[in-house]
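Trainee: This is entry_13.csv, which holds CSV, C-alpha atoms and all ligand atoms:
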chain,number,residue,atom,x,y,z
I,268,MET,CA,-30.4,41.4,-80.9
I,269,LYS,CA,-28.4,44.6,-80.9
I,270,ARG,CA,-27.4,45.9,-77.6
I,271,ARG,CA,-28.3,49.6,-77.2
I,272,LYS,CA,-27.5,51.7,-74.2
I,273,ARG,CA,-30.6,53.4,-73.0
I,274,GLY,CA,-31.0,56.6,-71.1
I,275,GLY,CA,-30.1,60.2,-71.7
I,276,LYS,CA,-26.7,61.4,-72.8
I,277,LYS,CA,-27.9,64.9,-73.4
I,278,GLY,CA,-24.4,66.3,-72.7
I,279,VAL,CA,-22.9,64.4,-75.6
I,280,THR,CA,-25.2,65.7,-78.3
I,281,ASP,CA,-25.3,69.2,-76.9
I,282,ARG,CA,-21.6,69.3,-76.7
I,283,GLY,CA,-21.2,67.8,-80.1
I,284,ARG,CA,-23.4,70.4,-81.7
I,285,GLY,CA,-21.6,73.2,-79.8
I,286,GLN,CA,-18.3,71.9,-81.3
I,287,GLY,CA,-19.4,71.8,-84.9
I,288,GLY,CA,-22.9,70.3,-85.3
I,289,GLN,CA,-25.4,72.1,-87.5
I,290,PRO,CA,-24.9,75.7,-86.6
I,291,PRO,CA,-28.0,77.8,-85.9
I,292,ASN,CA,-27.1,80.3,-88.7
I,293,GLY,CA,-27.4,77.5,-91.3
I,294,GLY,CA,-23.6,77.4,-92.1
I,295,PRO,CA,-21.9,74.2,-93.3
I,296,VAL,CA,-22.6,71.0,-91.4
I,297,ARG,CA,-19.6,70.0,-89.3
I,298,HIS,CA,-18.8,66.6,-87.8
I,299,ILE,CA,-20.6,65.8,-84.5
I,300,PRO,CA,-18.4,63.6,-82.3
I,301,VAL,CA,-19.9,60.2,-81.7
I,302,LEU,CA,-20.0,58.4,-78.3
I,303,LEU,CA,-18.0,61.3,-76.9
I,304,ALA,CA,-18.9,60.8,-73.2
I,305,ASP,CA,-18.1,57.1,-73.5
I,306,VAL,CA,-14.8,57.7,-75.2
I,307,LEU,CA,-13.8,60.1,-72.4
I,308,ARG,CA,-14.9,57.6,-69.8
I,309,ALA,CA,-12.6,55.0,-71.5
I,310,LEU,CA,-9.6,57.3,-71.8
I,311,ALA,CA,-10.0,59.0,-68.4
I,312,PRO,CA,-7.5,61.8,-69.2
I,313,LYS,CA,-5.3,63.1,-66.4
I,314,ALA,CA,-3.0,66.0,-66.0
I,315,GLY,CA,0.5,65.5,-67.4
I,316,GLU,CA,-0.6,62.6,-69.6
I,317,ARG,CA,0.0,62.1,-73.3
I,318,TYR,CA,-2.7,61.0,-75.8
I,319,ILE,CA,-2.8,60.2,-79.5
I,320,ASP,CA,-6.0,61.0,-81.4
I,321,GLY,CA,-5.3,58.9,-84.6
I,322,THR,CA,-8.3,60.3,-86.4
I,323,LEU,CA,-8.4,64.1,-85.7
I,324,GLY,CA,-11.3,64.9,-88.2
I,325,ALA,CA,-12.9,68.1,-86.9
I,326,GLY,CA,-11.0,67.7,-83.6
I,327,GLY,CA,-14.1,66.9,-81.5
I,328,TYR,CA,-12.3,64.2,-79.5
I,329,ALA,CA,-9.0,66.1,-79.2
I,330,ARG,CA,-10.8,69.2,-77.9
I,331,ALA,CA,-12.8,67.1,-75.3
I,332,ILE,CA,-9.6,65.3,-74.1
I,333,LEU,CA,-7.7,68.6,-73.7
I,334,ASP,CA,-10.7,70.2,-71.9
I,335,ALA,CA,-11.0,67.2,-69.5
I,336,ALA,CA,-7.5,67.5,-68.1
I,337,ASP,CA,-4.2,69.5,-68.4
I,338,CYS,CA,-2.8,66.9,-70.7
I,339,ALA,CA,-1.2,66.8,-74.2
I,340,VAL,CA,-2.6,65.4,-77.5
I,341,LEU,CA,-1.0,64.5,-80.7
I,342,GLY,CA,-3.6,64.6,-83.4
I,343,LEU,CA,-3.1,62.7,-86.6
I,344,ASP,CA,-5.1,62.6,-89.8
I,345,ARG,CA,-4.1,61.4,-93.3
I,346,ASP,CA,-6.4,64.1,-94.8
I,347,PRO,CA,-4.5,67.3,-95.4
I,348,PHE,CA,-7.7,69.3,-95.2
I,349,ALA,CA,-8.4,68.0,-91.7
I,350,ILE,CA,-5.0,69.0,-90.5
I,351,GLU,CA,-5.2,72.4,-92.2
I,352,ALA,CA,-8.6,73.0,-90.6
I,353,GLY,CA,-7.2,71.9,-87.2
I,354,ARG,CA,-4.5,74.5,-87.1
I,355,ALA,CA,-6.7,77.0,-85.4
I,356,LEU,CA,-7.4,74.5,-82.7
I,357,GLU,CA,-3.7,73.8,-82.4
I,358,ALA,CA,-3.1,77.5,-81.8
I,359,GLU,CA,-6.0,77.7,-79.3
I,360,TYR,CA,-4.4,75.0,-77.1
I,361,GLY,CA,-0.9,76.4,-77.2
I,362,GLY,CA,1.7,73.7,-76.9
I,363,ARG,CA,-0.8,71.1,-75.6
I,364,LEU,CA,-2.0,70.1,-79.1
I,365,LYS,CA,0.3,69.0,-81.9
I,366,LEU,CA,-1.0,68.0,-85.3
I,367,LEU,CA,0.6,65.8,-88.0
I,368,GLU,CA,-0.6,64.7,-91.4
I,369,THR,CA,0.1,61.0,-91.4
I,370,PRO,CA,-1.8,57.7,-91.3
I,371,PHE,CA,-2.4,56.4,-87.8
I,372,SER,CA,-0.4,53.2,-88.7
I,373,HIS,CA,2.6,55.5,-88.4
I,374,MET,CA,1.7,56.7,-84.9
I,375,GLU,CA,5.0,55.4,-83.4
I,376,GLU,CA,7.1,57.5,-85.8
I,377,ALA,CA,4.8,60.5,-85.1
I,378,ALA,CA,5.2,60.1,-81.3
I,379,GLN,CA,8.9,59.8,-81.7
I,380,ALA,CA,9.0,63.0,-83.6
I,381,LEU,CA,7.6,64.7,-80.5
I,382,GLY,CA,10.1,62.9,-78.3
I,383,TRP,CA,7.3,60.7,-76.8
I,384,ASP,CA,8.5,57.3,-75.9
I,385,ARG,CA,5.2,55.8,-74.7
I,386,VAL,CA,1.7,57.3,-74.4
I,387,ASP,CA,-1.2,57.1,-71.9
I,388,GLY,CA,-4.0,56.7,-74.4
I,389,VAL,CA,-4.8,56.1,-78.1
I,390,VAL,CA,-8.2,56.8,-79.7
I,391,LEU,CA,-9.3,55.8,-83.2
I,392,ASP,CA,-12.7,57.1,-84.6
I,393,LEU,CA,-12.7,55.1,-87.8
I,394,GLY,CA,-14.0,55.9,-91.3
I,395,VAL,CA,-14.8,59.3,-92.8
I,396,SER,CA,-15.9,62.6,-91.3
I,397,SER,CA,-19.1,64.4,-92.1
I,398,MET,CA,-17.0,67.0,-93.9
I,399,GLN,CA,-15.5,64.4,-96.2
I,400,LEU,CA,-18.9,62.8,-96.8
I,401,ASP,CA,-20.7,66.0,-97.4
I,402,GLU,CA,-18.2,67.6,-99.7
I,403,ALA,CA,-19.1,66.4,-103.2
I,404,GLU,CA,-15.6,67.2,-104.5
I,405,ARG,CA,-14.1,64.5,-102.3
I,406,GLY,CA,-16.0,61.9,-104.2
I,407,PHE,CA,-17.2,59.7,-101.3
I,408,SER,CA,-20.9,60.3,-101.8
I,409,PHE,CA,-23.5,58.5,-103.9
I,410,MET,CA,-26.0,61.2,-102.9
I,411,ARG,CA,-24.0,64.2,-104.2
I,412,ASP,CA,-22.4,64.0,-107.6
I,413,GLY,CA,-18.7,64.6,-107.6
I,414,PRO,CA,-15.4,63.2,-109.0
I,415,LEU,CA,-15.1,59.5,-108.3
I,416,ASP,CA,-12.2,59.9,-106.0
I,417,MET,CA,-12.6,58.7,-102.3
I,418,ARG,CA,-9.0,59.2,-101.3
I,419,MET,CA,-8.7,60.6,-97.8
I,420,SER,CA,-5.1,61.6,-98.3
I,421,GLY,CA,-5.5,62.7,-101.9
I,422,LYS,CA,-2.7,60.3,-102.8
I,423,GLY,CA,-2.6,56.9,-104.5
I,424,LEU,CA,-5.2,55.1,-106.6
I,425,SER,CA,-8.6,56.8,-106.8
I,426,ALA,CA,-12.0,54.9,-106.9
I,427,ALA,CA,-12.1,55.9,-110.6
I,428,ASP,CA,-8.7,54.2,-111.2
I,429,VAL,CA,-10.1,51.0,-109.7
I,430,VAL,CA,-13.3,50.8,-111.7
I,431,ASN,CA,-11.7,52.0,-114.9
I,432,THR,CA,-8.6,49.7,-114.9
I,433,PHE,CA,-9.1,46.7,-112.7
I,434,GLU,CA,-10.1,43.3,-114.1
I,435,LYS,CA,-13.8,42.3,-113.8
I,436,ASP,CA,-13.0,39.6,-111.2
I,437,GLU,CA,-10.9,41.9,-109.1
I,438,ILE,CA,-13.7,44.5,-109.0
I,439,ALA,CA,-16.2,41.8,-108.0
I,440,ASP,CA,-13.9,40.5,-105.2
I,441,ILE,CA,-13.5,44.0,-103.8
I,442,LEU,CA,-17.3,44.5,-103.8
I,443,TYR,CA,-17.9,41.1,-102.3
I,444,GLN,CA,-15.2,41.1,-99.6
I,445,LEU,CA,-15.3,44.8,-98.6
I,446,GLY,CA,-18.9,45.6,-99.3
I,447,GLU,CA,-20.5,42.3,-98.6
I,448,GLU,CA,-22.4,42.9,-101.8
I,449,ARG,CA,-24.1,39.7,-102.9
I,450,ARG,CA,-24.6,40.9,-106.5
I,451,SER,CA,-20.9,41.8,-106.8
I,452,ARG,CA,-20.4,39.8,-110.1
I,453,ALA,CA,-23.4,41.5,-111.8
I,454,ILE,CA,-22.2,44.9,-110.8
I,455,ALA,CA,-18.6,44.3,-111.9
I,456,ALA,CA,-19.8,42.9,-115.3
I,457,ALA,CA,-21.9,46.0,-115.8
I,458,ILE,CA,-19.0,48.3,-114.9
I,459,VAL,CA,-16.7,46.6,-117.3
I,460,ALA,CA,-19.3,46.8,-120.1
I,461,ASP,CA,-20.1,50.5,-119.5
I,462,ARG,CA,-16.5,51.7,-119.2
I,463,GLN,CA,-15.9,50.6,-122.8
I,464,ARG,CA,-18.2,53.4,-123.9
I,465,ALA,CA,-16.9,56.0,-121.5
I,466,PRO,CA,-14.7,55.8,-118.4
I,467,PHE,CA,-16.3,56.4,-115.0
I,468,GLU,CA,-15.5,59.9,-113.8
I,469,ARG,CA,-18.4,60.9,-111.5
I,470,THR,CA,-19.9,59.3,-108.4
I,471,GLY,CA,-23.3,59.8,-110.0
I,472,GLN,CA,-22.4,57.6,-112.9
I,473,LEU,CA,-21.5,54.7,-110.6
I,474,ALA,CA,-24.5,55.2,-108.3
I,475,ASP,CA,-26.8,55.1,-111.3
I,476,LEU,CA,-25.2,52.0,-112.7
I,477,VAL,CA,-25.6,50.2,-109.3
I,478,SER,CA,-29.2,51.3,-109.1
I,479,ARG,CA,-29.8,50.0,-112.6
I,480,VAL,CA,-28.3,46.6,-111.9
I,481,LEU,CA,-29.9,46.1,-108.4
I,482,GLY,CA,-33.1,48.0,-109.1
I,483,ARG,CA,-34.3,50.5,-106.5
I,484,ARG,CA,-37.4,49.7,-104.3
I,485,HIS,CA,-39.0,52.7,-102.6
I,486,ASP,CA,-39.0,50.9,-99.2
I,487,ASP,CA,-35.2,50.3,-99.4
I,488,ALA,CA,-33.7,51.8,-96.2
I,489,LYS,CA,-30.4,52.1,-97.9
I,490,HIS,CA,-29.4,53.4,-101.3
I,491,PRO,CA,-28.5,50.4,-103.5
I,492,ALA,CA,-25.0,51.8,-104.0
I,493,THR,CA,-24.2,51.9,-100.3
I,494,ARG,CA,-22.2,48.6,-100.3
I,495,THR,CA,-20.4,49.3,-103.5
I,496,PHE,CA,-19.3,52.7,-102.3
I,497,GLN,CA,-18.2,51.3,-98.9
I,498,ALA,CA,-16.2,48.6,-100.6
I,499,LEU,CA,-14.4,51.0,-102.9
I,500,ARG,CA,-13.7,53.5,-100.1
I,501,LEU,CA,-12.2,50.7,-97.9
I,502,TYR,CA,-10.1,49.5,-100.8
I,503,VAL,CA,-8.8,52.8,-102.0
I,504,ASN,CA,-7.8,53.8,-98.4
I,505,ASP,CA,-6.7,50.3,-97.3
I,506,GLU,CA,-8.8,51.0,-94.2
I,507,LEU,CA,-8.8,47.5,-92.8
I,508,GLY,CA,-5.0,47.1,-93.2
I,509,GLU,CA,-4.6,50.5,-91.6
I,510,LEU,CA,-6.8,49.4,-88.7
I,511,THR,CA,-4.8,46.2,-88.0
I,512,ARG,CA,-1.5,48.0,-88.2
I,513,GLY,CA,-2.8,50.9,-86.1
I,514,LEU,CA,-4.0,48.6,-83.3
I,515,GLU,CA,-0.7,46.8,-83.3
I,516,ALA,CA,1.2,50.1,-83.1
I,517,ALA,CA,-1.0,51.3,-80.3
I,518,GLU,CA,-0.2,48.1,-78.3
I,519,ARG,CA,3.5,48.8,-78.7
I,520,LEU,CA,3.2,52.5,-77.8
I,521,LEU,CA,0.9,52.3,-74.8
I,522,LYS,CA,2.3,52.4,-71.2
I,523,PRO,CA,1.1,49.8,-68.7
I,524,GLY,CA,-2.3,51.2,-67.6
I,525,GLY,CA,-2.6,53.1,-70.9
I,526,ARG,CA,-6.0,53.0,-72.7
I,527,LEU,CA,-7.0,52.1,-76.2
I,528,ALA,CA,-10.4,53.1,-77.5
I,529,ALA,CA,-11.7,52.4,-81.0
I,530,VAL,CA,-15.0,53.5,-82.5
I,531,SER,CA,-16.1,51.5,-85.6
I,532,PHE,CA,-19.0,52.0,-88.0
I,533,HIS,CA,-19.5,48.7,-89.7
I,534,SER,CA,-19.1,45.0,-89.1
I,535,LEU,CA,-15.8,44.5,-91.0
I,536,GLU,CA,-14.1,47.1,-88.8
I,537,ASP,CA,-15.8,46.1,-85.6
I,538,ARG,CA,-14.8,42.4,-86.2
I,539,ILE,CA,-11.1,43.4,-86.5
I,540,VAL,CA,-11.2,45.5,-83.3
I,541,LYS,CA,-13.2,42.9,-81.4
I,542,ARG,CA,-10.9,40.0,-82.4
I,543,PHE,CA,-7.7,42.0,-81.7
I,544,LEU,CA,-8.8,43.0,-78.2
I,545,GLN,CA,-10.2,39.5,-77.4
I,546,THR,CA,-7.1,37.8,-78.6
I,547,ARG,CA,-4.7,40.2,-76.9
I,548,SER,CA,-6.7,40.0,-73.6
I,549,GLY,CA,-6.7,36.2,-73.6
I,550,LYS,CA,-10.4,36.1,-74.2
I,551,GLN,CA,-10.3,34.3,-77.5
I,552,ALA,CA,-11.5,30.7,-76.8
I,553,LYS,CA,-10.2,29.2,-80.0
I,554,SER,CA,-7.3,30.4,-82.1
I,555,SER,CA,-7.9,31.2,-85.8
I,556,ARG,CA,-5.4,31.7,-88.6
I,557,TYR,CA,-7.3,34.9,-89.6
I,558,LEU,CA,-6.6,36.7,-86.3
I,559,PRO,CA,-4.3,39.7,-86.5
I,560,GLY,CA,-1.5,38.2,-84.4
I,561,GLU,CA,-1.7,35.4,-81.8
I,562,THR,CA,-0.8,35.6,-78.2
I,563,GLN,CA,0.9,32.1,-78.3
I,564,GLY,CA,0.7,31.6,-74.6
I,565,ARG,CA,2.1,35.0,-73.7
I,566,ALA,CA,0.6,37.1,-70.9
I,567,PRO,CA,-2.3,39.2,-72.2
I,568,ALA,CA,-1.3,42.7,-73.4
I,569,PHE,CA,-4.7,44.2,-72.6
I,570,GLU,CA,-7.5,43.9,-70.1
I,571,LEU,CA,-10.8,44.1,-72.0
I,572,MET,CA,-13.4,46.6,-70.7
I,573,ASP,CA,-17.1,46.7,-71.5
I,574,ARG,CA,-16.9,43.3,-73.0
I,575,HIS,CA,-19.7,43.7,-75.6
I,576,GLY,CA,-18.8,47.2,-76.6
I,577,VAL,CA,-20.7,50.4,-76.2
I,578,GLU,CA,-23.4,51.6,-78.6
I,579,PRO,CA,-25.0,55.0,-78.8
I,580,SER,CA,-28.3,55.7,-76.9
I,581,GLU,CA,-31.5,56.3,-78.9
I,582,GLU,CA,-31.2,60.0,-78.0
I,583,GLU,CA,-27.8,60.2,-79.6
I,584,ILE,CA,-28.9,58.5,-82.7
I,585,ALA,CA,-32.0,60.8,-83.0
I,586,ALA,CA,-29.7,63.8,-82.6
I,587,ASN,CA,-27.0,62.4,-84.9
I,588,PRO,CA,-28.2,59.7,-87.3
I,589,ARG,CA,-24.5,59.0,-88.4
I,590,ALA,CA,-24.0,57.6,-84.9
I,591,ARG,CA,-26.4,54.8,-85.8
I,592,SER,CA,-24.0,52.0,-86.4
I,593,ALA,CA,-21.2,53.1,-84.1
I,594,ARG,CA,-19.6,50.8,-81.5
I,595,LEU,CA,-16.9,51.6,-79.1
I,596,ARG,CA,-14.5,48.9,-77.9
I,597,TRP,CA,-11.8,49.7,-75.4
I,598,ALA,CA,-9.2,48.0,-73.2
I,599,ILE,CA,-6.4,48.9,-70.7
I,600,ARG,CA,-2.8,48.0,-71.5
I,601,THR,CA,-1.2,45.5,-69.1
I,602,ALA,CA,2.5,45.6,-68.2
I,603,SER,CA,3.3,42.6,-70.5
I,604,ASP,CA,5.6,43.0,-73.5
I,605,PRO,CA,4.0,43.8,-76.8
I,606,ILE,CA,3.5,40.9,-79.1
I,607,HIS,CA,5.2,42.4,-82.2
I,701,LIG,C1,-14.9,59.9,-88.1
I,701,LIG,S1,-13.7,61.1,-88.5
I,701,LIG,C2,-13.1,61.5,-86.9
I,701,LIG,C3,-13.9,62.6,-86.2
I,701,LIG,C4,-13.3,63.1,-84.9
I,701,LIG,N1,-13.2,62.1,-83.9
I,701,LIG,C5,-14.0,64.3,-84.4
I,701,LIG,O1,-14.6,64.2,-83.3
I,701,LIG,O2,-14.1,65.3,-85.1
I,701,LIG,C6,-12.4,60.1,-89.1
I,701,LIG,C7,-11.2,60.9,-89.5
I,701,LIG,O3,-10.1,60.0,-89.5
I,701,LIG,C8,-9.3,60.2,-90.7
I,701,LIG,N2,-8.7,58.8,-90.9
I,701,LIG,C9,-9.4,57.7,-91.3
I,701,LIG,N3,-8.5,56.7,-91.4
I,701,LIG,C10,-7.3,57.2,-91.1
I,701,LIG,C11,-6.0,56.7,-91.0
I,701,LIG,N4,-5.8,55.4,-91.3
I,701,LIG,N5,-5.0,57.4,-90.6
I,701,LIG,C12,-5.2,58.8,-90.3
I,701,LIG,N6,-6.4,59.3,-90.4
I,701,LIG,C13,-7.4,58.6,-90.8
I,701,LIG,C14,-10.3,60.7,-91.7
I,701,LIG,O4,-9.5,61.4,-92.7
I,701,LIG,C15,-11.2,61.5,-90.9
I,701,LIG,O5,-10.8,62.8,-90.9
Using structure tokens, write down the structure that the file contains.

Mentor:
Amino acid sequence: MKRRKRGGKKGVTDRGRGQGGQPPNGGPVRHIPVLLADVLRALAPKAGERYIDGTLGAGGYARAILDAADCAVLGLDRDPFAIEAGRALEAEYGGRLKLLETPFSHMEEAAQALGWDRVDGVVLDLGVSSMQLDEAERGFSFMRDGPLDMRMSGKGLSAADVVNTFEKDEIADILYQLGEERRSRAIAAAIVADRQRAPFERTGQLADLVSRVLGRRHDDAKHPATRTFQALRLYVNDELGELTRGLEAAERLLKPGGRLAAVSFHSLEDRIVKRFLQTRSGKQAKSSRYLPGETQGRAPAFELMDRHGVEPSEEEIAANPRARSARLRWAIRTASDPIH
């Protein structure tokens, strides 16, 4: 059974809309911050403190942290468009907000560049923003036809490179491991057969192929290409590797008493955050070779808070369907040495 937090969180959705939800004039849809009140409760910003928002997006969290206390925020995003769009916010907050285009796994170098030795809080709001998803040209969407790209940073291999050049088995493994797609082999075989006639260039081509292979039932809650697109996006952006490295970097960077908050949107991400925090807080009953780093009898690096994580209320989901699968996990840094 899924745990859902009940009860009103009207302030969250109202605030989210005010900061970039669907504007009343019918302008472009902006990102609505998810679980914002819970993230603020976890970070508990105080005057004079330093925070890293590792996933700036539309700046919803950064703005809320800066409004909650007279503190400073370093906002990171690997997407140059997010950083460019955030420049107005940076100017609005004077010297209290600094932005840097970099992946959050590099947060230590980013903090050093500002002369920050340790920080009081790190927040990660994982995955893609509404702007990225809704902009067809970014190539993340199976709903809007666009170039088959999916790179948040615009650098490195694109999704088209993967489907057009990887071996059939490699494609199948990506779809199975990162999309939990049970028909991964059939989809990979169809991709390899189709690309001999013409390479994949558009998201629509790939979405149509997956629908053809899996069939589409009218009662399907999800588009059949959901898992395939998730897998390619995670692969192209190395999202799970980034997450593990980002959590480890946050552990090294946080002061004793500093707070780490991570909001995930699917089970693969949530599993990594959950296991990391459990292991590092000494809550992992049994060790596993798959865990990102073992404590090996050391003092816990974190105290785990809200043990089962925090999920959005029904009200928040109704106001912002993209909050549906979100889960916040957070913990407070102890005074022990970092593990790495
Ligand atoms: C869900 S949005 C964040 C929304 C933000 N909290 C807000 O309230 O507007 C995720 C953002 O994180 C960025 N991102 C994802 N993975 C990243 C990584 N490894 N390093 C830096 N930025 C990343 C994406 O480009 C995207 O802009």

Trainee: Got a sec to check which residues lie within 9 Å of ligand LIG 701 (chain I), using only C-alpha atoms and all ligand atoms, and send them as a compact mmCIF listing (two decimals) with C-alpha atoms, in the frame of the given file?

Mentor:
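After the write, selection.txt holds the following:
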# COMPACT_ATOMS: atom_id res chain seq x y z
CA GLY I 283 -21.20 67.80 -80.10
CA GLN I 286 -18.30 71.90 -81.30
CA GLY I 287 -19.40 71.80 -84.90
CA ARG I 297 -19.60 70.00 -89.30
CA HIS I 298 -18.80 66.60 -87.80
CA ILE I 299 -20.60 65.80 -84.50
CA PRO I 300 -18.40 63.60 -82.30
CA VAL I 301 -19.90 60.20 -81.70
CA LEU I 303 -18.00 61.30 -76.90
CA ASP I 320 -6.00 61.00 -81.40
CA GLY I 321 -5.30 58.90 -84.60
CA THR I 322 -8.30 60.30 -86.40
CA LEU I 323 -8.40 64.10 -85.70
CA GLY I 324 -11.30 64.90 -88.20
CA ALA I 325 -12.90 68.10 -86.90
CA GLY I 326 -11.00 67.70 -83.60
CA GLY I 327 -14.10 66.90 -81.50
CA TYR I 328 -12.30 64.20 -79.50
CA ALA I 329 -9.00 66.10 -79.20
CA ARG I 330 -10.80 69.20 -77.90
CA ALA I 331 -12.80 67.10 -75.30
CA LEU I 343 -3.10 62.70 -86.60
CA ASP I 344 -5.10 62.60 -89.80
CA ARG I 345 -4.10 61.40 -93.30
CA ASP I 346 -6.40 64.10 -94.80
CA PRO I 347 -4.50 67.30 -95.40
CA PHE I 348 -7.70 69.30 -95.20
CA ALA I 349 -8.40 68.00 -91.70
CA ILE I 350 -5.00 69.00 -90.50
CA GLU I 368 -0.60 64.70 -91.40
CA THR I 369 0.10 61.00 -91.40
CA PRO I 370 -1.80 57.70 -91.30
CA PHE I 371 -2.40 56.40 -87.80
CA SER I 372 -0.40 53.20 -88.70
CA HIS I 373 2.60 55.50 -88.40
CA MET I 374 1.70 56.70 -84.90
CA VAL I 390 -8.20 56.80 -79.70
CA LEU I 391 -9.30 55.80 -83.20
CA ASP I 392 -12.70 57.10 -84.60
CA LEU I 393 -12.70 55.10 -87.80
CA GLY I 394 -14.00 55.90 -91.30
CA VAL I 395 -14.80 59.30 -92.80
CA SER I 396 -15.90 62.60 -91.30
CA SER I 397 -19.10 64.40 -92.10
CA MET I 398 -17.00 67.00 -93.90
CA GLN I 399 -15.50 64.40 -96.20
CA ARG I 418 -9.00 59.20 -101.30
CA MET I 419 -8.70 60.60 -97.80
CA SER I 420 -5.10 61.60 -98.30
CA ASN I 504 -7.80 53.80 -98.40
CA ASP I 505 -6.70 50.30 -97.30
CA GLU I 506 -8.80 51.00 -94.20
CA LEU I 507 -8.80 47.50 -92.80
CA GLY I 508 -5.00 47.10 -93.20
CA GLU I 509 -4.60 50.50 -91.60
CA LEU I 510 -6.80 49.40 -88.70
CA GLY I 513 -2.80 50.90 -86.10
CA VAL I 530 -15.00 53.50 -82.50
CA SER I 531 -16.10 51.50 -85.60
CA PHE I 532 -19.00 52.00 -88.00

Trainee: I:Ala598, I:Ala529, I:Met417, I:Val430: which is nearest I:Ala465, counting all atoms listed in the file?

Mentor: I:Val430

Trainee: As an exercise, work out the distance from atom CA of I:Ala568 to atom CA of I:Ile606 in Å and give it to one decimal place.

Mentor: 7.7 Å

Trainee: Could you tell me how far atom CA of I:Gly342 lies from atom CA of I:Phe409, in Å and to one decimal?

Mentor: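 One can read the atom CA of I:Gly342 to atom CA of I:Phe409 distance as 29.2 Å.
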
Trainee: At a cut-off of 12 Å, using only C-alpha atoms, what residues contact stretch 411-415 of chain I? Leave out same-chain residues fewer than 2 positions from it and give the result as a ChimeraX atom specification.

Mentor: /I:399-409,417-418,421,424-431,466-475,496,499-500,503

Trainee: Between atom CA of I:Glu583 and atom CA of I:Arg596, what distance in Å does the model show, to one decimal?

Mentor: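 Going from atom CA of I:Glu583 over to atom CA of I:Arg596 covers 17.5 Å.
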
Trainee: Between I:Asp387, I:Glu570, I:Glu434, I:Asp604, which residue has the minimum interatomic distance to I:Tyr318, considering all atoms listed in the file?

Mentor: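 Nearest candidate to I:Tyr318 out of I:Asp387, I:Glu570, I:Glu434, I:Asp604: I:Asp387.
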
Trainee: Can you list, as a PyMOL selection string, every protein, DNA or RNA residue that comes within 10 Å of I:Ala311 when you count all atoms listed in the file, leaving out same-chain residues fewer than 5 positions away?

Mentor: chain I and resi 305-306+332+335-336+387-388+525-526

Trainee: Find the residues around I:Arg449 up to 12 Å (all atoms listed in the file counted), leave out those fewer than 2 positions away in its own chain, and share them as a list in words.

Mentor: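 Those residues are Ala439, Asp440, Ile441, Leu442, Tyr443, Gln444, Leu445, Gly446, Glu447, Ser451, Arg452, Ala453, Ile454, Ala455, Leu481, Pro491, Arg494 and Thr495 of chain I.
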
Trainee: Please provide the set of residues having any atom within 9 Å of I:Gly524, restricted to only C-alpha atoms, with same-chain residues fewer than 2 positions apart removed, written as a PyMOL selection string.

Mentor: chain I and resi 387-388+521-522+526+569+599-602

Trainee: Would you mind telling me which residue in I:Ala498, I:Ile539, I:Leu356, I:Leu333 lies nearest to I:Glu515 when using all atoms listed in the file?

Mentor: I:Ile539

Trainee: Within 10 Å of (-11.3, 40.7, -79.1) in the file's own coordinates, which protein, DNA or RNA residues have an atom, counting only C-alpha atoms? List them as a tab-separated table (two decimals) with C-alpha atoms, keeping the file's coordinate frame.

Mentor:
chain	number	residue	atom	x	y	z
I	537	ASP	CA	-15.80	46.10	-85.60
I	538	ARG	CA	-14.80	42.40	-86.20
I	539	ILE	CA	-11.10	43.40	-86.50
I	540	VAL	CA	-11.20	45.50	-83.30
I	541	LYS	CA	-13.20	42.90	-81.40
I	542	ARG	CA	-10.90	40.00	-82.40
I	543	PHE	CA	-7.70	42.00	-81.70
I	544	LEU	CA	-8.80	43.00	-78.20
I	545	GLN	CA	-10.20	39.50	-77.40
I	546	THR	CA	-7.10	37.80	-78.60
I	547	ARG	CA	-4.70	40.20	-76.90
I	548	SER	CA	-6.70	40.00	-73.60
I	549	GLY	CA	-6.70	36.20	-73.60
I	550	LYS	CA	-10.40	36.10	-74.20
I	551	GLN	CA	-10.30	34.30	-77.50
I	558	LEU	CA	-6.60	36.70	-86.30
I	569	PHE	CA	-4.70	44.20	-72.60
I	571	LEU	CA	-10.80	44.10	-72.00
I	574	ARG	CA	-16.90	43.30	-73.00
I	575	HIS	CA	-19.70	43.70	-75.60
I	596	ARG	CA	-14.50	48.90	-77.90
I	597	TRP	CA	-11.80	49.70	-75.40
I	598	ALA	CA	-9.20	48.00	-73.20

Trainee: Which residue is closest to I:Leu310? Choose from I:Met572, I:Leu527, I:Ala339, I:Val480 and count only C-alpha atoms.

Mentor: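 Answer, going by the shortest atom-to-atom distance: I:Leu527.
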